[in-house]
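Here's the structure, in structure tokens; my notes come after.
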Amino acid sequence: PLFAVPPHAIAGLGSLPGYAVLGLLCGGLAVVVVRGLLLVEHGFRRSGVPEFWHPAIGAVVFATVGLMVPRALGVGYDVIGDALLANLGLRVALILLVGKLIAWWFALGSGTSGGTLAPMLIVGSTFGTVVALGTNDWTPVEVSITGFALVGMAASFGAATGASLTSIVFVFELTQDYRIVLPLIVATVLADVVADALLDDTLMTEK
């Protein structure tokens with residue numbers, strides 16, 4: 001597997017409600033991701049600034065985020081690995097989540113080239129980490145940080161791209177974690193239901 005997943009507890013069917021809630025939240029995250037990107041793109045188009053300068057403006061924002069949150073730049077496999085190993089604190093995970101989103105929105109929205117896979121995996125894994133740590137800190141419920149980070153990747157990416165089955169299989173192949181398959185399916189399908197109900201387009205169709 002590309003990412004090592006440490007031993008973690010998946011408490012059978014009793015854990016599914018927690019992953020179902022995570023799936024619904026990831027569906028909401030997908031809506032924010034897609035609409036945020038479209039908002040940035042439309043903002044550039046309506047700004048009156050010549051299109052020639054759009055990538056330069058995007059680069060300034062990207063670099064500014066990079067100066068403040070260096071780990072939000074690049075492919076980010078180290079961030080995903082740390083999320084799956086439960087090595088990120090709540091504050092760090094939240095900063096990486098927001099920083100990556102802003103840098104990615106302006107990089108793509110300004111017209112420069114870039115992908116969706118690795119950024120969405122970073123966003124999803126850090127979001128899952130934030131939800132897990134917040135749940136463990138503020139409620140009597142104890143959830144698996146590793147499990148939530150892993151499932152958050154698949155659910156967020158699948159909902160934002162409209163490719164749920166691909167996302168489930170892909171994230172499973174990246175980790176080869178058999179224990180998480182059922183929560184992975186439940187959360188990803190629910191995330192897709194939420195995003196499909198609230199979005200007319202996905203990351204793969206708007207353009």
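Chain labels run A, B, ... following the order of the structure tokens; each chain numbers its residues from 1, and ligands are numbered from 1 in the order shown.
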Secondary structure check, helix (DSSP H, G or I) residues of range 116-205 of chain A, as a PyMOL selection string: chain A and resi 117-138+145-161+164-175+178-198
Q.
as number ranges by chain, please: the residues near Ala107 in chain A (cut-off 12 Å, only C-alpha atoms, same-chain neighbours under 3 positions excluded).
A. A: 37, 40-41, 44, 54-66, 73-74, 100-104, 110-116, 119
Dump of C-alpha atoms for the selected residues, as a JSON list (two decimals), in the first residue's frame:
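This went into result_25.json:
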[["chain", "number", "residue", "atom", "x", "y", "z"],
["A", 37, "LEU", "CA", -13.71, 26.75, -6.30],
["A", 40, "VAL", "CA", -13.02, 31.89, -6.97],
["A", 41, "GLU", "CA", -13.17, 31.12, -10.71],
["A", 44, "PHE", "CA", -11.51, 36.13, -11.43],
["A", 54, "HIS", "CA", -4.94, 35.86, -13.22],
["A", 55, "PRO", "CA", -2.22, 33.21, -12.73],
["A", 56, "ALA", "CA", 0.09, 35.83, -11.22],
["A", 57, "ILE", "CA", -2.57, 36.83, -8.69],
["A", 58, "GLY", "CA", -3.22, 33.19, -7.93],
["A", 59, "ALA", "CA", 0.51, 32.63, -7.45],
["A", 60, "VAL", "CA", 0.71, 35.50, -4.94],
["A", 61, "VAL", "CA", -2.13, 34.01, -2.87],
["A", 62, "PHE", "CA", -0.63, 30.55, -3.19],
["A", 63, "ALA", "CA", 2.79, 31.76, -2.05],
["A", 64, "THR", "CA", 1.28, 33.73, 0.82],
["A", 65, "VAL", "CA", -0.50, 30.64, 2.09],
["A", 66, "GLY", "CA", 2.74, 28.70, 1.65],
["A", 73, "LEU", "CA", 1.94, 23.09, -0.47],
["A", 74, "GLY", "CA", 3.18, 20.24, -2.60],
["A", 100, "LYS", "CA", -4.78, 23.64, 1.52],
["A", 101, "LEU", "CA", -8.28, 24.63, 0.47],
["A", 102, "ILE", "CA", -7.41, 28.29, -0.03],
["A", 103, "ALA", "CA", -4.13, 27.56, -1.86],
["A", 104, "TRP", "CA", -5.82, 25.00, -4.11],
["A", 110, "SER", "CA", -6.74, 31.56, -11.44],
["A", 111, "GLY", "CA", -6.34, 29.32, -14.46],
["A", 112, "THR", "CA", -3.12, 27.50, -13.65],
["A", 113, "SER", "CA", -2.85, 23.75, -14.13],
["A", 114, "GLY", "CA", -3.39, 21.39, -11.25],
["A", 115, "GLY", "CA", -5.14, 18.24, -10.16],
["A", 116, "THR", "CA", -7.91, 17.31, -7.79],
["A", 119, "PRO", "CA", -5.57, 18.00, -2.75]]
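Distance check against Leu16 in chain A using only C-alpha atoms: of A:Val151, A:Phe157, A:Trp105, A:Val171, the minimum falls on A:Val151.
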A straight line from CA of Val31 in chain A to CA of Phe3 in chain A spans 26.6 Å
So that I can check the surroundings of Ile180 in chain A, please list as a ChimeraX atom specification every protein, DNA and RNA residue that reaches within 8 Å of it, counting only C-alpha atoms and ignoring chain neighbours fewer than 3 positions away.
/A:10,147,151,177,183-184
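Taking CA of Ala4 in chain A as the reference point, CA of Phe170 in chain A is found at 14.7 Å.
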Report the closest atom pair, with its distance in Å rounded to one decimal, for each residue of range 52-134 of chain A that has an atom no farther than 10 Å from range 21-24 of chain A; count only C-alpha atoms, sort by chain and then rising residue number, and write it as JSON lines.
{"residue": "A:Phe127", "atom": "CA", "partner": "A:Leu22", "partner_atom": "CA", "distance": 9.5}
{"residue": "A:Gly128", "atom": "CA", "partner": "A:Leu22", "partner_atom": "CA", "distance": 7.5}
{"residue": "A:Val131", "atom": "CA", "partner": "A:Leu22", "partner_atom": "CA", "distance": 7.6}
{"residue": "A:Ala132", "atom": "CA", "partner": "A:Leu22", "partner_atom": "CA", "distance": 8.9}
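Nearest residue to Leu25 in chain A, choosing from A:Leu174, A:Ala155, A:Ala83, A:Ala72 and counting only C-alpha atoms: A:Ala155.
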| field | All residues 8 Å or closer to Asp192 in chain A, only C-alpha atoms, same chain fewer than 3 positions away omitted, as a PyMOL selection string | value | chain A and resi 27+155+158-160+162+164+188-189+195-196
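Going from CA of Leu133 in chain A over to CA of Cys26 in chain A, you cover 15.3 Å.
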Between A:Ala118, A:Val130, A:Leu150, A:Val123, smallest distance to Val75 in chain A by only C-alpha atoms belongs to A:Ala118
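The nearest approach to Ser156 in chain A among the residues A:Leu67, A:Ala20, A:Leu108, A:Gly28, with only C-alpha atoms taken into account, belongs to A:Gly28.
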Counting only C-alpha atoms, the residue among A:Pro6, A:Gly109, A:Gly36, A:Gly48 that lies closest to Ile145 in chain A is A:Pro6
Of A:Ala30, A:Leu90, A:Ile95, A:Leu2, the one sitting nearest Val193 in chain A when using only C-alpha atoms is A:Ala30
